[in-house]
Every structure is written in C-alpha cells, then in structure tokens.
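> One structure coming up, written as structure tokens, with questions to follow.
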Amino acid sequence: MGVDSVVNRCSGQYHVGQIVGVIHATAIGGAAGYARNLARASLPPRFNRLFWRHTEYVDASHWIPRRSLVRMAQRIPRLNGAWFLKGNWNTKHMYATDHALIDPYRWRFMTKDFKVYHNPHNPKVSPLPVWLQQWKRIPDRYQWGAAGLAYGASSSQCR
Amino acid sequence: MDIRYHLSNFRRWIERRIYERKLAPLEQAILAVLLPHLPKILVEHIQQWVSIADRFLRTDTWVGMVGKPGAHVKRLYLNITEEQTPFRYVKIRFRAADRRDYEFYCLLSAFGFAGFEYSPSCPQLSKPPLHIEPVEVLADFTQLLRQPEPIPLSGWVAEWVSQHAIALEDIAPPLPEQKVKRLLRHRRLNLPADYLELLRICDGFEGSDYGVTGVSEMWQVEVTDTRWWVLAERAGAVFIVAREGDQQPRVYYFHHEDEAPSAEFNSFREALQYLIAQPNLP
C-alpha cells in the first residue's frame with residue numbers, strides 16, 4: 001500500500017497488532033481443527049472384513065489416556081467431572097483401524113482377523129513408530145491451532 | 001544377506017502400494033474369467049463390492065477390501081459358520097508371469113463375499129497371467145444361500161427387539177443346542193441364564209451403535225494374562241465380556257482403556273442395559 005515508510009514498528013500499538021494477529025491465526029487454526037474433528041465424528045460406518053459383521057465404525061480416541069485422567073481426578077476431586085474425563089478436549093475421532101494402530105489398549109479388543117492382518121510380520125502394515133503414534137493421537141484442534149500459531153508468528157516476524 | 005531377496009520384497013511392497021486403491025491386472029484378468037461361472041446374484045454382489053472398495057488390504061496370500069465410508073452393499077446371507085470362514089468357494093489354477101503355477105480362491109463368509117486368496121503367495125500382481133485353467137467350483141451355491149427367515153422370538157429377547165427396533169436381517173439364527181454347549185465347554189465359559197436363553201432364541205443381533213455377539217461370532221481378547229470373550233460391544237469403546245474359566249455365571253463391563261472390568265453382573269440383560277445407558281461415550 002506504500003505506507004510502510006510511515007509505520008512505526010517500535011510502537012506499542014504495532015506490537016499489540018502483532019499479538020492480536022497471532023491470536024487470530026491460532027484461533028482460526030484451532031476452530032478449523034475442531035470442525036474437522038466434528039466432520040470425522042459424523043462419518044458413517046464402512047465395510048471392513050476384519051471387523052465384527054464386516055462393519056467398522058468411527059471411534060473416539062483419547063489423547064491423554066482416560067485411566068490417567070481418572071487417577072488425576074482421584075487426587076484432585078474438582079476435576080472429577082464428565083467434561084474432564086470424557087470431554088471433547090481430549091478426543092479425536094477416527095476409524096477403529098486407525099485407533100487400534102495407535103492405541104495398544106484398543107488393539108487388545110480387536111478381532112482375531114484384525115490381529116492376523118495387522119501382525120508385525122506383515123511388512124505392509126508394520127507398527128508405526130512411537131512418535132508417529134503420538135502425533136496421530138493429538139486432537140486436530142491442537143495440531144491445527146499450533147499450525148495457525150506458527151503461521152501467525154512467522155508472519156509477524158516477516159518485517 | 002541376499003540382496004535379491006530384499007529387492008524382491010521391496011518390489012512386492014511397492015506393488016502392494018500401487019494396487020492398494022484398485023484391483024491389480026492379475027486379479028482383473030482372473031475375475032474376467034471367473035465371473036461368468038458364478039451365480040448371477042453372487043456376481044452382482046462381488047461387482048458391488050469391488051465398486052465400493054476404497055482400499056484393498058493385502059497380505060502375502062490374502063486380498064480383502066475396505067469400503068468407502070457410507071457406501072453400502074446388501075449382505076448376502078449364506079450358510080457358512082465362523083469355523084468354516086474364510087470359505088473357499090471357487091478355485092482357479094493359473095500360470096503367472098514368472099512361469100510358476102498358483103491357485104486363486106474366491107472366499108465367502110456368512111455375509112457374502114470375503115476376498116481372494118492366493119496359494120502360494122503370488123508376487124506377480126502387475127502382469128496378467130500367462131495361462132488360466134478352467135474354473136473349479138468347490139461348493140453348491142444353492143445349498144449355501146440362505147434367506148433370512150423370521151426368527152420366533154420369545155422371553156426378554158422379544159421384548160428387547162421390539163423396544164429397540166432391531167431389523168430382522170440383523171438377528172442371526174440360533175445354532176443347534178449341542179453345538180452351543182460344545183463351544184461353551186471348549187471355551188470354558190460359565191454364562192448367565194439369560195444369555196443362554198438368548199442363544200436358544202438367536203445367535204446375536206445388531207442394535208443402533210452396539211451389537212450382541214452370539215456364540216459363533218464372539219471373539220477372544222487377552223488382557224493382563226486373562227482371557228475374555230466379547231459378548232457385546234458399543235461404539236468400539238466399551239464391551240461386555242465373560243472370563244474364561246470363571247466359576248460363577250457372570251459377565252463384566254469393560255472400558256477398553258481400563259486395566260480391569262469396572263462392573264460385574266449376574267444377568268446379561270442388566271449388563272446390556274448398563275452398556276447402552278452409558279452417557280457421553282467414550
């Protein structure tokens with residue numbers, strides 16, 4: 001716009017603008033992640049021979065395991081509520097196959113056929129590295145929010 | 001280490017990746033020969049399956065499919081038990097591009113088409129076969145085909161089905177009593193009387209977001225050195241299980257994230273009620 005020469009980049013207002021921009025980018029990223037998770041939650045079942053009656057549903061996967069939250073809630077009674085233990089803040093929706101491959105506790109309850117197909121000796125479906133399992137567990141809103149934060153922060157550092 | 005062995009494995013891995021989203025040329029060529037020999041109803045069923053396939057699952061010898069979300073293929077109800085699954089219905093011998101002979105099977109299960117099988121493992125997916133021998137049908141399809149008939153319901157199961165609007169097709173017919181007894185004894189399961197009553201009436205059913213597995217469909221899971229059999233599940237998160245070798249006739253409520261069951265019931269119906277009453281899953 002040709003006004004760069006009159007912008008005072010050292011002023012307090014300029015810094016406030018930068019911070020607001022970063023917050024906006026983070027919030028938009030987080031909201032997009034939230035919407036993506038909602039869209040995933042409403043995905044219909046799909047056919048999969050490896051599941052009971054050939055039907056695979058969408059699971060809600062916990063990022064922080066529920067058993068850890070229960071233990072924490074036992075120590076801090078104020079946390080002992082449905083929102084903390086079962087709330088959306090900690091869940092990510094995905095098909096049961098994806099869930100079982102990143103959560104050994106879900107894996108235990110899979111059918112025999114599933115375990116035979118996804119056995120460690122099948123090179124096509126070898127176990128995911130731990131860091132990738134952890135990455136896939138993180139709810140979309142945090143991943144996308146972090147992406148928004150990175151975008152906002154890098155934009156504010158451009159000039 | 002033999003470098004050729006690793007290169008061959010790598011090539012097979014790449015081929016599987018390439019043909020993950022579609023049928024391989026080898027399979028297309030075999031299906032073209034196979035389909036005219038199958039009953040019309042099965043041909044339509046397989047073609048529907050292939051058309052809705054989102055991904056082909058491949059092991060060294062088996063090819064299965066995962067459907068696109070929401071895509072629907074009408075089930076083909078067949079007289080095939082879990083013990084017979086996967087059921088080899090048709091066999092084709094063929095000579096692949098590597099000049100070796102292989103066998104190709106079309107597999108069926110109680111709900112219709114269940115994939116393909118190679119014997120031995122065939123690595124030549126990308127090239128059509130050199131020669132295909134005549135189709136060999138291994139079973140009489142008219143004997144296999146089963147029309148879902150009204151199952152006479154009674155007792156608490158009848159009440160449950162009418163209350164929860166469960167479709168007729170989703171109720172499996174009961175197994176012979178001797179077979180049920182044999183399977184339960186073999187699995188060392190001591191189950192509540194109302195679950196045994198359910199097994200006399202039907203062999204499991206599907207509800208809205210939950211399912212009750214009959215004796216032919218229940219599967220075993222191992223948690224902390226204890227064997228459990230899944231009798232019902234809801235949304236892949238919570239389960240009703242029975243413990244192998246239990247002295248008392250009882251069932252347990254198990255959240256998949258827990259180390260042990262969180263509730264115990266002497267009645268299966270009560271456990272099922274508890275399962276579907278859990279708010280705000282997971």
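Chain labels A, B, ... are given in the sequence in which chains occur in the structure tokens; within each chain residues are numbered consecutively from 1, and ligands are likewise numbered from 1 in the order shown.
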Please identify all residues of chain A having at least one atom at most 9 Å from any atom of chain B, considering only C-alpha atoms, and return them as a VMD selection string.

chain A and resid 43 to 50 52 to 54 56 to 62 65 to 67 82 86 to 87 91 96 105 to 112 117 122 to 125

> Counting only C-alpha atoms, what is within 12 Å of Lys91 in chain B, bar same-chain residues fewer than 2 positions away, as an MDAnalysis selection string?

chainID B and resid 30:31 33:34 37:38 87:89 93:94 102:107 116:119 132:139

> Emit the selected residues as a CSV table (one decimal), in the first residue's frame, including C-alpha atoms.


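What landed in out_37.csv:
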chain,number,residue,atom,x,y,z
B,30,ILE,CA,-8.7,-63.8,-13.3
B,31,LEU,CA,-12.0,-62.1,-12.4
B,33,VAL,CA,-12.6,-65.5,-16.5
B,34,LEU,CA,-14.2,-66.3,-13.1
B,37,HIS,CA,-19.1,-69.1,-14.0
B,38,LEU,CA,-20.7,-67.7,-10.8
B,87,PHE,CA,-14.9,-70.4,2.9
B,88,ARG,CA,-13.2,-71.3,-0.4
B,89,TYR,CA,-16.0,-71.3,-3.0
B,93,ARG,CA,-5.2,-72.5,-11.2
B,94,PHE,CA,-3.1,-70.1,-13.3
B,102,TYR,CA,-0.5,-70.7,-8.5
B,103,GLU,CA,-4.0,-71.2,-7.1
B,104,PHE,CA,-6.6,-68.4,-6.8
B,105,TYR,CA,-9.6,-68.8,-4.5
B,106,CYS,CA,-12.8,-66.7,-4.1
B,107,LEU,CA,-13.7,-66.5,-0.4
B,116,PHE,CA,-9.5,-63.5,-2.6
B,117,GLU,CA,-6.7,-65.9,-1.6
B,118,TYR,CA,-3.5,-66.9,-3.4
B,119,SER,CA,-1.7,-70.2,-2.7
B,132,ILE,CA,-5.7,-69.7,-16.8
B,133,GLU,CA,-7.2,-73.2,-16.3
B,134,PRO,CA,-10.9,-73.9,-16.1
B,135,VAL,CA,-12.8,-72.7,-13.1
B,136,GLU,CA,-13.4,-75.2,-10.4
B,137,VAL,CA,-16.5,-74.6,-8.2
B,138,LEU,CA,-16.0,-76.2,-4.8
B,139,ALA,CA,-19.5,-76.0,-3.3

> Residues at most 12 Å from Tyr151 in chain A, counting only C-alpha atoms, excluding those fewer than 5 positions away in the same chain, as a PDB file with C-alpha atoms, in the first residue's frame?


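Just written: around-v5.pdb:
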ATOM      1  CA  GLY A  21      -2.796 -11.292  14.619  1.00  0.00           C
ATOM      2  CA  VAL A  22      -1.053 -14.310  16.143  1.00  0.00           C
ATOM      3  CA  ILE A  23      -4.050 -14.981  18.417  1.00  0.00           C
ATOM      4  CA  HIS A  24      -6.397 -14.755  15.429  1.00  0.00           C
ATOM      5  CA  ALA A  25      -4.327 -17.188  13.400  1.00  0.00           C
ATOM      6  CA  THR A  26      -4.157 -19.624  16.318  1.00  0.00           C
ATOM      7  CA  ALA A  27      -7.904 -19.398  16.978  1.00  0.00           C
ATOM      8  CA  ILE A  28      -8.786 -19.882  13.316  1.00  0.00           C
ATOM      9  CA  GLY A  29      -6.461 -22.886  13.123  1.00  0.00           C
ATOM     10  CA  TRP A 144      -4.217 -27.052  13.611  1.00  0.00           C
ATOM     11  CA  GLY A 145      -4.054 -24.442  16.351  1.00  0.00           C
ATOM     12  CA  ALA A 146      -0.280 -24.932  16.517  1.00  0.00           C
ATOM     13  CA  SER A 156       4.553 -11.249  12.399  1.00  0.00           C
ATOM     14  CA  GLN A 157       8.318 -11.762  12.118  1.00  0.00           C
ATOM     15  CA  CYS A 158       8.413 -11.141   8.395  1.00  0.00           C
TER      16      CYS A 158
END

> Where does DSSP see strand (DSSP E or B) in range 95-240 of chain B, if you list the residues as a PyMOL selection string?

chain B and resi 95+101-109+112-119+131-132+136-137+145+171+204-206+210-213+220-223+226-234+238-240

> Please, could you write that set of residues out with C-alpha atoms as a PDB file, in the first residue's frame?


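out_22.pdb, written as the output of this step:
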ATOM      1  CA  ARG B  95       0.390 -69.655 -14.554  1.00  0.00           C
ATOM      2  CA  ASP B 101       1.733 -72.168 -11.096  1.00  0.00           C
ATOM      3  CA  TYR B 102      -0.545 -70.670  -8.456  1.00  0.00           C
ATOM      4  CA  GLU B 103      -4.046 -71.170  -7.136  1.00  0.00           C
ATOM      5  CA  PHE B 104      -6.579 -68.403  -6.755  1.00  0.00           C
ATOM      6  CA  TYR B 105      -9.622 -68.771  -4.485  1.00  0.00           C
ATOM      7  CA  CYS B 106     -12.757 -66.694  -4.137  1.00  0.00           C
ATOM      8  CA  LEU B 107     -13.653 -66.534  -0.437  1.00  0.00           C
ATOM      9  CA  LEU B 108     -17.094 -66.298   1.137  1.00  0.00           C
ATOM     10  CA  SER B 109     -18.333 -65.757   4.670  1.00  0.00           C
ATOM     11  CA  GLY B 112     -21.258 -62.824   1.406  1.00  0.00           C
ATOM     12  CA  PHE B 113     -18.049 -62.092  -0.421  1.00  0.00           C
ATOM     13  CA  ALA B 114     -14.938 -62.099   1.781  1.00  0.00           C
ATOM     14  CA  GLY B 115     -11.992 -61.517  -0.538  1.00  0.00           C
ATOM     15  CA  PHE B 116      -9.492 -63.511  -2.563  1.00  0.00           C
ATOM     16  CA  GLU B 117      -6.697 -65.851  -1.630  1.00  0.00           C
ATOM     17  CA  TYR B 118      -3.510 -66.919  -3.413  1.00  0.00           C
ATOM     18  CA  SER B 119      -1.743 -70.173  -2.740  1.00  0.00           C
ATOM     19  CA  HIS B 131      -2.473 -69.149 -18.729  1.00  0.00           C
ATOM     20  CA  ILE B 132      -5.680 -69.728 -16.752  1.00  0.00           C
ATOM     21  CA  GLU B 136     -13.372 -75.246 -10.357  1.00  0.00           C
ATOM     22  CA  VAL B 137     -16.472 -74.636  -8.215  1.00  0.00           C
ATOM     23  CA  LEU B 145     -27.713 -69.409   0.003  1.00  0.00           C
ATOM     24  CA  ILE B 171     -30.647 -61.120  14.020  1.00  0.00           C
ATOM     25  CA  GLY B 204     -26.692 -62.342  18.348  1.00  0.00           C
ATOM     26  CA  PHE B 205     -28.035 -59.121  16.857  1.00  0.00           C
ATOM     27  CA  GLU B 206     -27.053 -55.584  15.972  1.00  0.00           C
ATOM     28  CA  TYR B 210     -23.994 -51.647  19.746  1.00  0.00           C
ATOM     29  CA  GLY B 211     -24.011 -55.338  18.976  1.00  0.00           C
ATOM     30  CA  VAL B 212     -24.552 -58.608  20.813  1.00  0.00           C
ATOM     31  CA  THR B 213     -22.344 -61.408  19.543  1.00  0.00           C
ATOM     32  CA  GLN B 220     -11.349 -63.745  22.387  1.00  0.00           C
ATOM     33  CA  VAL B 221      -9.220 -60.952  23.838  1.00  0.00           C
ATOM     34  CA  GLU B 222      -6.341 -61.172  26.243  1.00  0.00           C
ATOM     35  CA  VAL B 223      -5.913 -58.537  28.914  1.00  0.00           C
ATOM     36  CA  THR B 226      -6.603 -63.236  31.490  1.00  0.00           C
ATOM     37  CA  ARG B 227      -8.682 -64.477  28.577  1.00  0.00           C
ATOM     38  CA  TRP B 228     -12.024 -62.818  27.959  1.00  0.00           C
ATOM     39  CA  TRP B 229     -14.707 -63.406  25.363  1.00  0.00           C
ATOM     40  CA  VAL B 230     -16.548 -60.418  23.947  1.00  0.00           C
ATOM     41  CA  LEU B 231     -20.333 -60.859  24.233  1.00  0.00           C
ATOM     42  CA  ALA B 232     -21.365 -57.315  23.340  1.00  0.00           C
ATOM     43  CA  GLU B 233     -19.722 -54.079  22.283  1.00  0.00           C
ATOM     44  CA  ARG B 234     -20.710 -50.470  21.916  1.00  0.00           C
ATOM     45  CA  VAL B 238     -16.962 -50.436  25.868  1.00  0.00           C
ATOM     46  CA  PHE B 239     -17.565 -54.159  25.988  1.00  0.00           C
ATOM     47  CA  ILE B 240     -19.433 -56.838  27.888  1.00  0.00           C
TER      48      ILE B 240
END

> At a cut-off of 9 Å, using only C-alpha atoms, what residues contact Glu15 in chain B? Leave out same-chain residues fewer than 4 positions from it and give the result as an NGL selection string.

:B and (10-11 or 19-20 or 24 or 123-126)

> Would you compute the distance between CA of Ala172 in chain B and CA of Phe265 in chain B? Give it in Å to one decimal.

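Here the two named atoms are 24.4 Å from each other.
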
> With a distance cut-off of 12 Å and only C-alpha atoms, select the neighbouring residues of range 152-168 of chain B, excluding the residue or stretch itself and same-chain residues fewer than 2 positions from it, and output the selection as a ChimeraX atom specification.

/B:147-150,170-174,193-212,267-270,272-273,276

> What are the DSSP helix (DSSP H, G or I) residues of range 79-245 of chain B, as a VMD selection string?

chain B and resid 82 to 84 141 to 144 155 to 163 168 to 170 177 to 186 193 to 201

> Those residues you just picked out, can you put them in a file as a PDB file, in the first residue's frame with C-alpha atoms?


ATOM      1  CA  GLU B  82     -17.380 -68.837  11.668  1.00  0.00           C
ATOM      2  CA  GLU B  83     -15.410 -72.082  11.852  1.00  0.00           C
ATOM      3  CA  GLN B  84     -15.657 -72.502   8.071  1.00  0.00           C
ATOM      4  CA  PHE B 141     -24.224 -72.269  -4.123  1.00  0.00           C
ATOM      5  CA  THR B 142     -27.916 -73.122  -3.864  1.00  0.00           C
ATOM      6  CA  GLN B 143     -27.102 -75.041  -0.662  1.00  0.00           C
ATOM      7  CA  LEU B 144     -25.139 -72.099   0.675  1.00  0.00           C
ATOM      8  CA  GLY B 155     -38.802 -64.004  26.516  1.00  0.00           C
ATOM      9  CA  TRP B 156     -36.669 -60.957  27.202  1.00  0.00           C
ATOM     10  CA  VAL B 157     -35.115 -61.071  23.716  1.00  0.00           C
ATOM     11  CA  ALA B 158     -38.520 -60.470  22.095  1.00  0.00           C
ATOM     12  CA  GLU B 159     -39.120 -57.540  24.432  1.00  0.00           C
ATOM     13  CA  TRP B 160     -35.711 -56.127  23.706  1.00  0.00           C
ATOM     14  CA  VAL B 161     -36.019 -56.416  19.918  1.00  0.00           C
ATOM     15  CA  SER B 162     -39.439 -54.752  19.894  1.00  0.00           C
ATOM     16  CA  GLN B 163     -38.273 -51.962  22.206  1.00  0.00           C
ATOM     17  CA  LEU B 168     -34.875 -58.844  11.153  1.00  0.00           C
ATOM     18  CA  GLU B 169     -31.764 -59.181   8.970  1.00  0.00           C
ATOM     19  CA  ASP B 170     -29.571 -58.182  11.855  1.00  0.00           C
ATOM     20  CA  GLU B 177     -28.044 -76.621  21.159  1.00  0.00           C
ATOM     21  CA  GLN B 178     -25.405 -79.368  21.160  1.00  0.00           C
ATOM     22  CA  LYS B 179     -23.027 -77.161  19.230  1.00  0.00           C
ATOM     23  CA  VAL B 180     -23.599 -74.242  21.580  1.00  0.00           C
ATOM     24  CA  LYS B 181     -22.874 -76.457  24.564  1.00  0.00           C
ATOM     25  CA  ARG B 182     -19.759 -77.857  22.932  1.00  0.00           C
ATOM     26  CA  LEU B 183     -18.394 -74.407  22.074  1.00  0.00           C
ATOM     27  CA  LEU B 184     -19.086 -73.013  25.532  1.00  0.00           C
ATOM     28  CA  ARG B 185     -17.474 -76.031  27.181  1.00  0.00           C
ATOM     29  CA  HIS B 186     -14.470 -75.773  24.889  1.00  0.00           C
ATOM     30  CA  ALA B 193     -29.022 -67.973  32.346  1.00  0.00           C
ATOM     31  CA  ASP B 194     -30.479 -65.071  30.325  1.00  0.00           C
ATOM     32  CA  TYR B 195     -27.547 -65.129  27.890  1.00  0.00           C
ATOM     33  CA  LEU B 196     -28.048 -68.886  27.423  1.00  0.00           C
ATOM     34  CA  GLU B 197     -31.732 -68.161  26.803  1.00  0.00           C
ATOM     35  CA  LEU B 198     -30.654 -65.645  24.127  1.00  0.00           C
ATOM     36  CA  LEU B 199     -28.515 -68.315  22.465  1.00  0.00           C
ATOM     37  CA  ARG B 200     -31.521 -70.647  22.289  1.00  0.00           C
ATOM     38  CA  ILE B 201     -33.526 -67.938  20.515  1.00  0.00           C
TER      39      ILE B 201
END

> Measure the distance from CA of His93 in chain A to CA of Val241 in chain B in Å and round it to one decimal.

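Here the two named atoms are 24.4 Å from each other.
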